[in-house]
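Q: Structure: upload39.txt, compact mmCIF, C-alpha atoms.
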```txt
# COMPACT_ATOMS: atom_id res chain seq x y z
CA MET O 1 -194.15 115.65 73.00
CA LYS O 2 -196.08 116.68 76.08
CA PHE O 3 -198.68 114.35 77.64
CA ILE O 4 -201.98 116.20 77.73
CA SER O 5 -204.94 115.21 79.86
CA ILE O 6 -208.31 115.69 78.19
CA SER O 7 -211.39 116.81 80.11
CA THR O 8 -214.80 115.82 78.80
CA TYR O 9 -217.75 118.09 79.23
CA PHE O 10 -221.35 117.00 79.12
CA SER O 11 -224.18 119.34 78.16
CA VAL O 12 -227.42 118.75 79.99
CA PHE O 13 -230.60 119.68 78.19
CA LYS O 14 -233.51 120.30 80.49
CA ASN O 15 -237.07 119.44 79.56
CA PRO O 16 -239.49 121.39 81.77
CA ASN O 17 -242.41 119.17 80.88
CA PHE O 18 -240.42 116.06 81.77
CA GLN O 19 -239.44 117.56 85.11
CA ILE O 20 -243.01 118.51 85.93
CA SER O 21 -244.38 115.11 84.98
CA ASN O 22 -241.73 113.37 87.06
CA SER O 23 -242.35 115.54 90.10
CA ILE O 24 -246.06 114.79 89.84
CA PHE O 25 -245.30 111.06 89.53
CA PHE O 26 -243.01 110.95 92.56
CA SER O 27 -245.36 113.13 94.59
CA THR O 28 -248.29 110.85 93.75
CA SER O 29 -246.24 107.72 94.50
CA SER O 30 -245.09 109.07 97.87
CA SER O 31 -248.60 110.19 98.75
CA SER O 32 -249.96 106.74 97.87
CA SER O 33 -247.42 104.99 100.15
CA SER O 34 -248.15 107.39 103.01
CA SER O 35 -251.86 106.80 102.64
CA ALA O 36 -251.34 103.00 102.68
CA SER O 37 -249.06 103.12 105.73
CA HIS O 38 -251.59 105.33 107.54
CA GLN O 39 -254.30 102.73 106.91
CA PHE O 40 -252.11 99.92 108.27
CA VAL O 41 -251.04 101.94 111.33
CA THR O 42 -254.61 102.97 112.15
CA HIS O 43 -255.81 99.39 111.77
CA LEU O 44 -253.03 97.95 113.95
CA GLN O 45 -253.67 100.52 116.67
CA SER O 46 -257.41 99.87 116.82
CA ASN O 47 -257.46 96.07 116.59
CA GLY O 48 -256.67 93.38 119.14
CA PRO O 49 -253.84 90.83 119.32
CA LYS O 50 -254.94 88.78 116.29
CA ILE O 51 -252.82 90.91 114.00
CA GLU O 52 -252.33 88.58 111.04
CA LYS O 53 -255.99 87.63 110.64
CA SER O 54 -257.24 91.21 110.91
CA LEU O 55 -254.71 92.66 108.44
CA ILE O 56 -256.36 90.76 105.59
CA SER O 57 -259.21 93.27 105.67
CA VAL O 58 -256.88 96.19 104.87
CA LYS O 59 -256.97 96.80 101.11
CA ALA O 60 -254.03 99.21 100.96
CA LYS O 61 -251.14 98.44 98.61
CA LEU O 62 -247.88 97.18 100.12
CA ASP O 63 -244.51 98.48 98.96
CA ALA O 64 -241.10 99.11 100.54
CA THR O 65 -241.92 102.73 101.48
CA CYS O 66 -245.19 101.71 103.12
CA VAL O 67 -243.54 98.91 105.14
CA THR O 68 -240.73 101.24 106.24
CA GLN O 69 -243.18 103.90 107.42
CA VAL O 70 -245.16 101.36 109.46
CA LEU O 71 -241.94 100.02 111.04
CA GLU O 72 -240.83 103.56 111.89
CA ARG O 73 -244.19 104.23 113.55
CA PHE O 74 -244.03 101.15 115.80
CA SER O 75 -240.26 100.83 116.30
CA VAL O 76 -240.40 102.70 119.62
CA GLU O 77 -244.05 102.49 120.65
CA ASN O 78 -244.58 98.75 120.09
CA PRO O 79 -241.74 96.99 118.21
CA GLN O 80 -243.38 93.55 118.54
CA VAL O 81 -246.41 94.76 116.57
CA GLY O 82 -244.04 96.23 113.99
CA LEU O 83 -242.20 92.91 113.74
CA ARG O 84 -245.39 90.88 113.32
CA PHE O 85 -246.55 93.30 110.61
CA PHE O 86 -243.20 92.92 108.87
CA ILE O 87 -243.42 89.11 108.97
CA TRP O 88 -247.02 89.23 107.68
CA ALA O 89 -246.06 91.62 104.87
CA GLY O 90 -243.27 89.27 103.73
CA LEU O 91 -245.85 86.55 103.09
CA GLN O 92 -248.15 88.54 100.82
CA PRO O 93 -248.21 87.41 97.16
CA SER O 94 -248.06 90.97 95.78
CA TYR O 95 -244.99 92.02 97.77
CA ARG O 96 -241.59 90.62 98.71
CA HIS O 97 -238.99 91.98 101.15
CA SER O 98 -235.62 92.86 99.62
CA THR O 99 -232.33 92.27 101.42
CA HIS O 100 -232.23 96.02 102.05
CA MET O 101 -235.61 95.82 103.80
CA TYR O 102 -234.38 93.06 106.12
CA ILE O 103 -231.39 95.22 107.06
CA LYS O 104 -233.65 98.21 107.63
CA ALA O 105 -236.05 96.17 109.77
CA CYS O 106 -233.14 94.92 111.94
CA ASN O 107 -231.94 98.48 112.44
CA LEU O 108 -235.34 100.04 113.13
CA LEU O 109 -236.46 97.29 115.51
CA LYS O 110 -232.96 97.02 117.06
CA ILE O 111 -233.01 93.23 116.86
CA ASN O 112 -229.23 93.13 117.33
CA GLU O 113 -229.56 94.82 120.72
CA ASN O 114 -232.78 93.13 121.81
CA PRO O 115 -233.40 89.71 120.21
CA LYS O 116 -236.19 89.21 122.78
CA ILE O 117 -238.43 91.12 120.36
CA VAL O 118 -238.24 88.12 118.04
CA THR O 119 -238.66 85.45 120.74
CA ASP O 120 -241.63 87.29 122.27
CA ALA O 121 -243.31 87.59 118.87
CA ILE O 122 -242.91 83.87 118.14
CA GLU O 123 -244.14 82.95 121.62
CA ALA O 124 -247.19 85.16 121.02
CA TYR O 125 -248.08 83.08 117.95
CA GLY O 126 -248.74 80.17 120.30
CA SER O 127 -251.66 81.93 121.98
CA ASP O 128 -253.07 83.35 118.75
CA GLU O 129 -254.88 80.70 116.76
CA GLY O 130 -255.63 83.10 113.94
CA CYS O 131 -252.05 83.81 112.91
CA GLY O 132 -251.55 80.55 110.97
CA VAL O 133 -247.91 79.78 111.73
CA SER O 134 -246.11 78.30 108.70
CA VAL O 135 -242.66 77.41 107.41
CA LYS O 136 -242.78 80.54 105.22
CA MET O 137 -243.23 82.71 108.31
CA PHE O 138 -240.16 81.16 109.86
CA ARG O 139 -238.16 81.83 106.69
CA VAL O 140 -238.83 85.54 107.10
CA VAL O 141 -237.62 85.29 110.71
CA PHE O 142 -234.48 83.37 109.65
CA ASN O 143 -233.65 86.16 107.19
CA LEU O 144 -233.89 88.65 110.05
CA CYS O 145 -231.56 86.45 112.14
CA ARG O 146 -229.13 86.38 109.23
CA GLU O 147 -229.04 90.17 108.93
CA ALA O 148 -228.74 90.48 112.71
CA LYS O 149 -225.86 87.95 112.60
CA ASP O 150 -227.30 86.26 115.68
CA ALA O 151 -226.49 82.52 115.68
CA ASP O 152 -228.05 81.90 119.10
CA LEU O 153 -231.32 83.48 118.00
CA GLY O 154 -231.29 81.49 114.77
CA LEU O 155 -230.78 78.24 116.68
CA TRP O 156 -233.60 79.12 119.09
CA VAL O 157 -235.96 79.80 116.16
CA LEU O 158 -234.99 76.48 114.53
CA ARG O 159 -235.86 74.58 117.71
CA LYS O 160 -239.13 76.50 118.04
CA MET O 161 -240.33 75.36 114.61
CA LYS O 162 -240.98 71.85 115.93
CA GLU O 163 -243.30 73.18 118.64
CA TYR O 164 -245.49 74.64 115.90
CA ASN O 165 -245.40 71.40 113.88
CA CYS O 166 -243.34 73.13 111.19
CA ARG O 167 -240.73 70.75 109.80
CA PRO O 168 -237.42 72.57 109.16
CA ASP O 169 -236.07 72.10 105.64
CA VAL O 170 -232.51 72.21 104.29
CA ILE O 171 -232.78 75.98 103.74
CA ALA O 172 -233.64 76.55 107.41
CA TYR O 173 -230.78 74.35 108.63
CA ASN O 174 -228.33 75.98 106.22
CA GLY O 175 -229.30 79.44 107.46
CA VAL O 176 -228.43 78.52 111.05
CA ILE O 177 -225.31 76.57 110.05
CA ARG O 178 -224.05 79.66 108.22
CA LEU O 179 -224.52 81.81 111.32
CA LEU O 180 -222.80 79.25 113.56
CA CYS O 181 -219.85 78.95 111.16
CA LYS O 182 -219.39 82.72 111.08
CA LYS O 183 -219.50 82.71 114.88
CA GLY O 184 -216.85 79.95 114.93
CA ASP O 185 -219.11 77.50 116.79
CA MET O 186 -218.22 74.52 114.60
CA ASP O 187 -219.25 71.83 117.09
CA GLU O 188 -222.83 73.07 117.07
CA ALA O 189 -222.79 73.52 113.29
CA MET O 190 -221.60 69.94 112.74
CA GLU O 191 -224.21 68.69 115.21
CA LEU O 192 -226.90 70.28 113.04
CA MET O 193 -225.46 68.43 110.03
CA ARG O 194 -225.83 65.14 111.90
CA GLU O 195 -229.32 66.10 113.03
CA MET O 196 -230.38 66.71 109.43
CA ARG O 197 -229.59 63.13 108.49
CA LEU O 198 -231.59 61.79 111.45
CA ILE O 199 -234.76 63.39 110.10
CA ASP O 200 -234.12 62.28 106.49
CA LEU O 201 -232.77 65.60 105.30
CA TYR O 202 -229.60 65.51 103.24
CA PRO O 203 -227.01 68.29 103.45
CA ASP O 204 -226.46 69.90 100.05
CA MET O 205 -223.38 71.46 98.50
CA ALA O 206 -223.99 74.74 100.36
CA SER O 207 -224.06 72.86 103.70
CA TYR O 208 -220.72 71.19 103.07
CA VAL O 209 -219.03 74.32 101.72
CA MET O 210 -220.02 76.30 104.84
CA ILE O 211 -218.83 73.55 107.20
CA ILE O 212 -215.52 73.01 105.37
CA LYS O 213 -214.81 76.74 105.18
CA GLY O 214 -215.77 77.15 108.85
CA LEU O 215 -213.47 74.33 109.94
CA CYS O 216 -210.63 75.84 107.90
CA ASP O 217 -211.23 79.26 109.45
CA VAL O 218 -210.67 77.86 112.96
CA GLY O 219 -207.69 75.72 111.92
CA ARG O 220 -209.39 72.31 112.13
CA LEU O 221 -207.89 71.20 108.82
CA LYS O 222 -207.92 67.46 109.46
CA GLU O 223 -211.67 67.53 110.08
CA ALA O 224 -212.16 69.72 106.99
CA CYS O 225 -210.33 67.15 104.85
CA GLY O 226 -212.42 64.40 106.44
CA MET O 227 -215.59 66.29 105.53
CA VAL O 228 -214.57 66.15 101.86
CA LYS O 229 -214.45 62.36 102.11
CA THR O 230 -217.86 62.38 103.82
CA MET O 231 -219.26 64.40 100.92
CA LYS O 232 -218.12 61.82 98.43
CA GLY O 233 -219.62 59.05 100.55
CA HIS O 234 -223.01 60.75 100.30
CA ASP O 235 -222.78 61.21 96.51
CA CYS O 236 -222.18 64.94 96.87
CA PHE O 237 -218.98 65.45 94.92
CA PRO O 238 -216.79 68.43 95.84
CA GLY O 239 -216.12 71.01 93.18
CA THR O 240 -213.68 73.86 92.75
CA VAL O 241 -215.39 75.94 95.45
CA VAL O 242 -214.88 73.20 98.06
CA TYR O 243 -211.27 72.54 97.13
CA SER O 244 -210.48 76.25 96.97
CA ALA O 245 -211.89 76.74 100.49
CA LEU O 246 -209.80 73.82 101.71
CA LEU O 247 -206.74 75.16 99.91
CA ASP O 248 -207.25 78.59 101.47
CA GLY O 249 -207.41 77.10 104.96
CA ILE O 250 -204.32 74.92 104.48
CA SER O 251 -202.40 77.87 103.04
CA ARG O 252 -203.33 80.29 105.84
CA PHE O 253 -202.26 77.91 108.56
CA GLY O 254 -198.78 77.51 107.15
CA ASP O 255 -198.78 74.05 105.55
CA LEU O 256 -197.80 75.27 102.08
CA GLU O 257 -196.30 71.92 101.10
CA ARG O 258 -199.65 70.23 101.71
CA ALA O 259 -201.35 73.06 99.82
CA MET O 260 -199.16 72.37 96.78
CA GLU O 261 -200.02 68.68 97.00
CA LEU O 262 -203.72 69.56 97.04
CA LEU O 263 -203.23 71.78 93.99
CA ASP O 264 -201.60 68.85 92.18
CA GLU O 265 -204.60 66.69 93.10
CA MET O 266 -206.99 69.30 91.73
CA GLU O 267 -205.06 69.53 88.45
CA LYS O 268 -205.42 65.77 88.01
CA GLU O 269 -209.16 65.84 88.73
CA SER O 270 -211.79 66.22 86.05
CA GLY O 271 -215.09 68.06 85.80
CA ASP O 272 -215.92 70.68 88.43
CA CYS O 273 -212.81 70.06 90.55
CA LYS O 274 -210.32 71.74 88.25
CA PRO O 275 -208.50 74.77 89.70
CA ASN O 276 -209.33 78.23 88.37
CA ALA O 277 -207.72 81.68 88.63
CA VAL O 278 -209.13 82.13 92.16
CA THR O 279 -207.52 78.85 93.26
CA TYR O 280 -204.07 79.86 92.01
CA THR O 281 -204.46 83.39 93.42
CA THR O 282 -205.23 81.94 96.86
CA LEU O 283 -201.98 79.97 96.88
CA ILE O 284 -199.91 82.83 95.47
CA GLN O 285 -201.29 85.10 98.19
CA ALA O 286 -200.21 82.58 100.83
CA PHE O 287 -196.62 82.50 99.54
CA VAL O 288 -196.52 86.30 99.24
CA GLU O 289 -197.64 86.65 102.87
CA LYS O 290 -194.82 84.27 103.88
CA ARG O 291 -192.40 86.59 101.99
CA ASP O 292 -191.62 83.79 99.54
CA SER O 293 -192.71 85.49 96.34
CA LEU O 294 -190.15 83.65 94.15
CA GLU O 295 -191.92 80.40 95.00
CA ALA O 296 -195.14 82.10 93.97
CA VAL O 297 -193.66 82.61 90.48
CA ALA O 298 -193.37 78.83 90.22
CA ILE O 299 -197.15 78.64 90.76
CA LEU O 300 -197.58 80.99 87.82
CA ASP O 301 -195.60 78.44 85.76
CA LYS O 302 -197.94 75.65 86.91
CA MET O 303 -200.90 77.80 86.02
CA ALA O 304 -199.62 78.38 82.49
CA ALA O 305 -198.89 74.68 82.03
CA PHE O 306 -202.45 73.86 83.14
CA GLY O 307 -203.88 76.32 80.61
CA CYS O 308 -205.40 78.75 83.12
CA LYS O 309 -204.85 82.44 82.45
CA PRO O 310 -204.04 84.91 85.24
CA ASN O 311 -206.34 87.84 86.05
CA ARG O 312 -205.58 91.31 87.36
CA VAL O 313 -205.98 90.35 91.03
CA LEU O 314 -203.43 87.54 90.68
CA MET O 315 -200.95 89.79 88.87
CA ALA O 316 -201.32 92.61 91.40
CA THR O 317 -200.73 90.16 94.25
CA LEU O 318 -197.69 88.53 92.68
CA VAL O 319 -196.00 91.68 91.33
CA GLN O 320 -196.46 93.56 94.59
CA GLY O 321 -195.05 90.59 96.50
CA LEU O 322 -191.97 90.50 94.30
CA CYS O 323 -191.41 94.26 94.66
CA MET O 324 -191.85 94.15 98.44
CA ASP O 325 -189.30 91.32 98.64
CA GLY O 326 -186.84 93.30 96.51
CA HIS O 327 -187.06 91.06 93.43
CA ILE O 328 -187.50 93.97 91.04
CA GLU O 329 -185.92 92.26 88.02
CA GLU O 330 -188.17 89.23 88.47
CA ALA O 331 -191.21 91.53 88.68
CA HIS O 332 -190.26 93.06 85.31
CA LYS O 333 -189.89 89.59 83.80
CA VAL O 334 -193.31 88.51 85.02
CA VAL O 335 -194.94 91.65 83.57
CA ASP O 336 -193.18 91.23 80.22
CA ARG O 337 -194.11 87.57 80.11
CA VAL O 338 -197.79 87.86 81.01
CA GLY O 339 -198.82 91.22 79.56
CA GLY O 340 -200.87 90.89 76.39
CA ASN O 341 -200.76 87.10 76.35
CA GLY O 342 -204.42 86.71 77.26
CA GLY O 343 -206.33 87.28 80.45
CA ILE O 344 -204.70 90.64 81.22
CA SER O 345 -203.45 93.43 78.95
CA ASN O 346 -200.07 95.19 78.77
CA ASP O 347 -201.75 98.31 80.14
CA GLU O 348 -203.00 96.45 83.22
CA CYS O 349 -199.76 94.55 83.85
CA ASN O 350 -197.61 97.67 83.69
CA SER O 351 -200.06 99.61 85.83
CA CYS O 352 -199.68 96.87 88.46
CA LEU O 353 -195.90 97.24 88.25
CA VAL O 354 -196.04 101.03 88.64
CA LEU O 355 -198.21 100.82 91.75
CA SER O 356 -196.23 97.94 93.24
CA LEU O 357 -192.91 99.75 92.83
CA PHE O 358 -194.38 102.93 94.30
CA ARG O 359 -195.81 101.12 97.33
CA ALA O 360 -192.53 99.29 97.87
CA GLY O 361 -190.73 102.64 98.13
CA LYS O 362 -189.09 102.30 94.69
CA VAL O 363 -190.56 105.60 93.53
CA LYS O 364 -187.92 106.46 90.91
CA GLU O 365 -188.22 103.00 89.37
CA ALA O 366 -192.01 103.50 89.29
CA GLU O 367 -191.49 106.83 87.49
CA VAL O 368 -189.30 105.16 84.87
CA VAL O 369 -191.93 102.50 84.16
CA PHE O 370 -194.68 105.14 84.11
CA ARG O 371 -192.87 107.34 81.58
CA ARG O 372 -192.02 104.29 79.48
CA MET O 373 -195.72 103.35 79.38
CA LEU O 374 -196.67 106.77 78.05
CA ALA O 375 -193.88 106.73 75.47
CA ARG O 376 -195.11 103.35 74.18
CA GLY O 377 -198.70 104.50 73.98
CA LEU O 378 -199.85 102.37 76.91
CA LYS O 379 -202.64 103.71 79.13
CA PRO O 380 -202.07 103.67 82.90
CA ASP O 381 -205.16 102.85 84.94
CA THR O 382 -206.78 105.57 87.04
CA ILE O 383 -205.08 104.66 90.33
CA SER O 384 -201.53 104.41 88.94
CA TYR O 385 -202.00 107.56 86.85
CA GLU O 386 -203.33 109.66 89.75
CA THR O 387 -200.70 108.27 92.14
CA MET O 388 -197.80 109.18 89.86
CA ILE O 389 -199.16 112.56 88.74
CA LYS O 390 -199.73 113.60 92.37
CA TRP O 391 -196.18 112.56 93.32
CA MET O 392 -194.62 114.26 90.27
CA CYS O 393 -196.48 117.50 90.99
CA SER O 394 -195.24 117.43 94.57
CA GLU O 395 -191.71 117.02 93.24
CA GLY O 396 -192.15 119.81 90.66
CA LYS O 397 -191.52 117.46 87.72
CA ASN O 398 -192.82 117.96 84.18
CA LEU O 399 -194.50 115.15 82.28
CA ASP O 400 -192.49 115.32 79.05
CA VAL O 401 -192.36 112.09 77.03
```
With the file now loaded, output its structure as C-alpha cells.
A:
Amino acid sequence: MKFISISTYFSVFKNPNFQISNSIFFSTSSSSSSSASHQFVTHLQSNGPKIEKSLISVKAKLDATCVTQVLERFSVENPQVGLRFFIWAGLQPSYRHSTHMYIKACNLLKINENPKIVTDAIEAYGSDEGCGVSVKMFRVVFNLCREAKDADLGLWVLRKMKEYNCRPDVIAYNGVIRLLCKKGDMDEAMELMREMRLIDLYPDMASYVMIIKGLCDVGRLKEACGMVKTMKGHDCFPGTVVYSALLDGISRFGDLERAMELLDEMEKESGDCKPNAVTYTTLIQAFVEKRDSLEAVAILDKMAAFGCKPNRVLMATLVQGLCMDGHIEEAHKVVDRVGGNGGISNDECNSCLVLSLFRAGKVKEAEVVFRRMLARGLKPDTISYETMIKWMCSEGKNLDV
C-alpha cells in the first residue's frame, strides 16, 4: 500500500455585485475618515494652545484611521500637538484606542527615542487651564509608557499626577511596577509597593505576581518567598500563578531540590493553589535543561498520581529531553504510556517522538517510528510529516507502508 497525499481544491465563485458594493463601502469609509482627519488637522493648525477645549467644537467622527492620519500629519511637524490630540481622542465616549493604536502612536511619535515629547506635553497641561487634567488622561499616558517600555518615563508620570491633584490608583501603580520589574529595578518596584500602603492603597494579586516574578527573574528567591508570606498576611492568598512563578524562579537558579519541595507543598494545598499542567511542565523543563531527563520522568509519575493530565507542550519537552540524553527506550515507554490516555492523543505523542528523534540525530529511528505510525493508521502532525518527507525525498526513499 502506498501512502498518498491528498490535495484539496477550493472553487471561488465571484459575485460582481458583491464586489462592487464592497468597493463602494470601503471607498466611502476611507473617504469619511480622510474628511474627518482633515477637519481635525485644519482645526489644530488654526487654533491656539488650548487644544483639548477647542477640539470639542469639531463634529467629525473619530475612528482608528482618522486618528492615525492626524498622528501622521503632526508626527514630524509638531509631535506634541499630535500627542495631545491622541490623549484627547482616547477620552471620547464614542471611541477607544486599541492596543494596536498605542503601538502605532509610539512608533509615529517616536516616544521610545524621545520621551521628552510626553514630559513636555504633561508640563504644558499646567499652563493650560482649559485642558481639564484627569486620572483618565494619565491612564492613556501610562498605556503609551507601557508600549514604549520606558520605566523611567512611567515613574516620572506617576510622580507628576500628584502635582495635578490626581490621586494614583492601583492600576496606575501596577503599570509602573510592571515596567520596573521588566527593567529589573526591583528595589524601586518594591518601594512603590510600600508607598501604596502609605496612601491607603492595597496591592492586588497582579501587584504581588509581578513583584514575585520580578524577584525570581533576578535571582532574589529568598525575598520572593518572603513576599508570598506577606501576601497571606494581607489576606491576599497566593494561587497557582504565584506558586508557578516562584517554582519557575527556583528551578532556573538551580535549586531543584527546593523546587520539588515546593511542588509537594502545592499538591497538599487546596483551592487555587493546586498545581496544573503548566506547573509540572515548568519543573520538567528545568530538569531537562540540567540534562537530567530521567528525573523528569519521575515528575510525570507525580503528575499522574495527582490526577493532572499532561499536554502536548509537556510531552514535547520531556520526550525531546530523553532523546537528547540518549534515553531512547525510556522515550518510547513514555509515549506508549501517555498516548491516548487522556490529555494528548496517540497521534500527538508519536509525532513528538518522531521530531525528538530527528532533532537528536537519530534519523533512522525517527523513520521507523514514522513508518510505523502510517502503518497503524496514525496521523503525523504537519511539522513531523513535512520534516520526514523532506528528509526521505533527499535520501531518494519511497514511502511504501
Q: Could you list as a CSV table (one decimal) with C-alpha atoms, keeping the file's coordinate frame every residue that has an atom within 9 Å of (-243.6, 84.4, 108.0), using the file's coordinates and counting only C-alpha atoms?
A:
```
chain,number,residue,atom,x,y,z
O,84,ARG,CA,-245.4,90.9,113.3
O,86,PHE,CA,-243.2,92.9,108.9
O,87,ILE,CA,-243.4,89.1,109.0
O,88,TRP,CA,-247.0,89.2,107.7
O,89,ALA,CA,-246.1,91.6,104.9
O,90,GLY,CA,-243.3,89.3,103.7
O,91,LEU,CA,-245.8,86.6,103.1
O,133,VAL,CA,-247.9,79.8,111.7
O,134,SER,CA,-246.1,78.3,108.7
O,135,VAL,CA,-242.7,77.4,107.4
O,136,LYS,CA,-242.8,80.5,105.2
O,137,MET,CA,-243.2,82.7,108.3
O,138,PHE,CA,-240.2,81.2,109.9
O,139,ARG,CA,-238.2,81.8,106.7
O,140,VAL,CA,-238.8,85.5,107.1
O,141,VAL,CA,-237.6,85.3,110.7
```
Q: For segment 282-287 of chain O, list every protein, DNA or RNA residue within 7 Å, evaluated using only C-alpha atoms, and leave out those in the same chain fewer than 5 positions away; present the list as a ChimeraX atom specification.
A: /O:248,251-252,292-293,295-296,299,317-318
Q: May I have the protein, DNA and RNA residues with an atom at most 8 Å from (-228.7, 75.3, 113.8), counting all atoms listed in the file in the file's coordinates, returned as a PyMOL selection string?
A: chain O and resi 151+154-155+158+173-177+180+188-189+192
Q: Compile the contact shell of Lys309 of chain O as an MDAnalysis selection string: residues with an atom at most 12 Å away, counting all atoms listed in the file, same-chain residues fewer than 4 positions apart removed.
A: chainID O and resid 275:281 299:305 313:315 338:345
Q: At a cut-off of 12 Å, using only C-alpha atoms, what residues contact segment 182-185 of chain O? Leave out same-chain residues fewer than 6 positions from it and give the result as a list in words.
A: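 After dropping sequence-adjacent residues, the list is Arg146, Lys149, Asp150, Ala151, Asp152, Gly154, Leu155, Gly175, Val176, Glu191, Leu192, Met210, Ile211, Ile212, Lys213, Gly214, Leu215, Cys216, Asp217, Val218, Gly219 and Arg220 of chain O.
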Q: First collect every listed atom of segment 190-195 of chain O; then fit an axis-aligned box around them, widen it by 4 Å on each side, and give centre and edge lengths in Å to one decimal, as AutoDock Vina command-line options.
A:
```
--center_x -225.5 --center_y 67.7 --center_z 112.6 --size_x 15.7 --size_y 13.1 --size_z 13.2
```
Q: Have a look at atom CA of Gln80 of chain O and atom CA of His38 of chain O and let me know their distance in Å, one decimal.
A: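 Separation between atom CA of Gln80 of chain O and atom CA of His38 of chain O: 18.1 Å.
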Q: Please extract segment 357-368 of chain O and write it out with N, CA and C atoms, as a PDB file, in the first residue's frame.
A:
```pdb
ATOM      1  N   LEU O 357      13.381  12.440  18.006  1.00  0.00           N
ATOM      2  CA  LEU O 357      14.429  11.558  17.495  1.00  0.00           C
ATOM      3  C   LEU O 357      15.201  12.218  16.352  1.00  0.00           C
ATOM      4  N   PHE O 358      14.457  12.872  15.462  1.00  0.00           N
ATOM      5  CA  PHE O 358      15.086  13.530  14.313  1.00  0.00           C
ATOM      6  C   PHE O 358      16.039  14.624  14.785  1.00  0.00           C
ATOM      7  N   ARG O 359      15.576  15.445  15.731  1.00  0.00           N
ATOM      8  CA  ARG O 359      16.392  16.554  16.220  1.00  0.00           C
ATOM      9  C   ARG O 359      17.585  16.088  17.048  1.00  0.00           C
ATOM     10  N   ALA O 360      17.466  14.899  17.606  1.00  0.00           N
ATOM     11  CA  ALA O 360      18.571  14.345  18.393  1.00  0.00           C
ATOM     12  C   ALA O 360      19.583  13.622  17.508  1.00  0.00           C
ATOM     13  N   GLY O 361      19.355  13.642  16.197  1.00  0.00           N
ATOM     14  CA  GLY O 361      20.271  12.991  15.262  1.00  0.00           C
ATOM     15  C   GLY O 361      19.982  11.520  15.056  1.00  0.00           C
ATOM     16  N   LYS O 362      18.901  11.009  15.638  1.00  0.00           N
ATOM     17  CA  LYS O 362      18.511   9.599  15.476  1.00  0.00           C
ATOM     18  C   LYS O 362      17.524   9.495  14.316  1.00  0.00           C
ATOM     19  N   VAL O 363      18.002   9.826  13.123  1.00  0.00           N
ATOM     20  CA  VAL O 363      17.118   9.964  11.970  1.00  0.00           C
ATOM     21  C   VAL O 363      16.506   8.627  11.550  1.00  0.00           C
ATOM     22  N   LYS O 364      17.286   7.565  11.552  1.00  0.00           N
ATOM     23  CA  LYS O 364      16.753   6.252  11.158  1.00  0.00           C
ATOM     24  C   LYS O 364      15.694   5.774  12.139  1.00  0.00           C
ATOM     25  N   GLU O 365      15.928   6.018  13.439  1.00  0.00           N
ATOM     26  CA  GLU O 365      14.930   5.642  14.436  1.00  0.00           C
ATOM     27  C   GLU O 365      13.640   6.446  14.223  1.00  0.00           C
ATOM     28  N   ALA O 366      13.807   7.735  13.848  1.00  0.00           N
ATOM     29  CA  ALA O 366      12.644   8.579  13.573  1.00  0.00           C
ATOM     30  C   ALA O 366      11.862   8.038  12.380  1.00  0.00           C
ATOM     31  N   GLU O 367      12.598   7.546  11.361  1.00  0.00           N
ATOM     32  CA  GLU O 367      11.940   6.979  10.178  1.00  0.00           C
ATOM     33  C   GLU O 367      11.136   5.736  10.535  1.00  0.00           C
ATOM     34  N   VAL O 368      11.692   4.907  11.407  1.00  0.00           N
ATOM     35  CA  VAL O 368      10.994   3.688  11.826  1.00  0.00           C
ATOM     36  C   VAL O 368       9.673   4.038  12.512  1.00  0.00           C
TER      37      VAL O 368
END
```
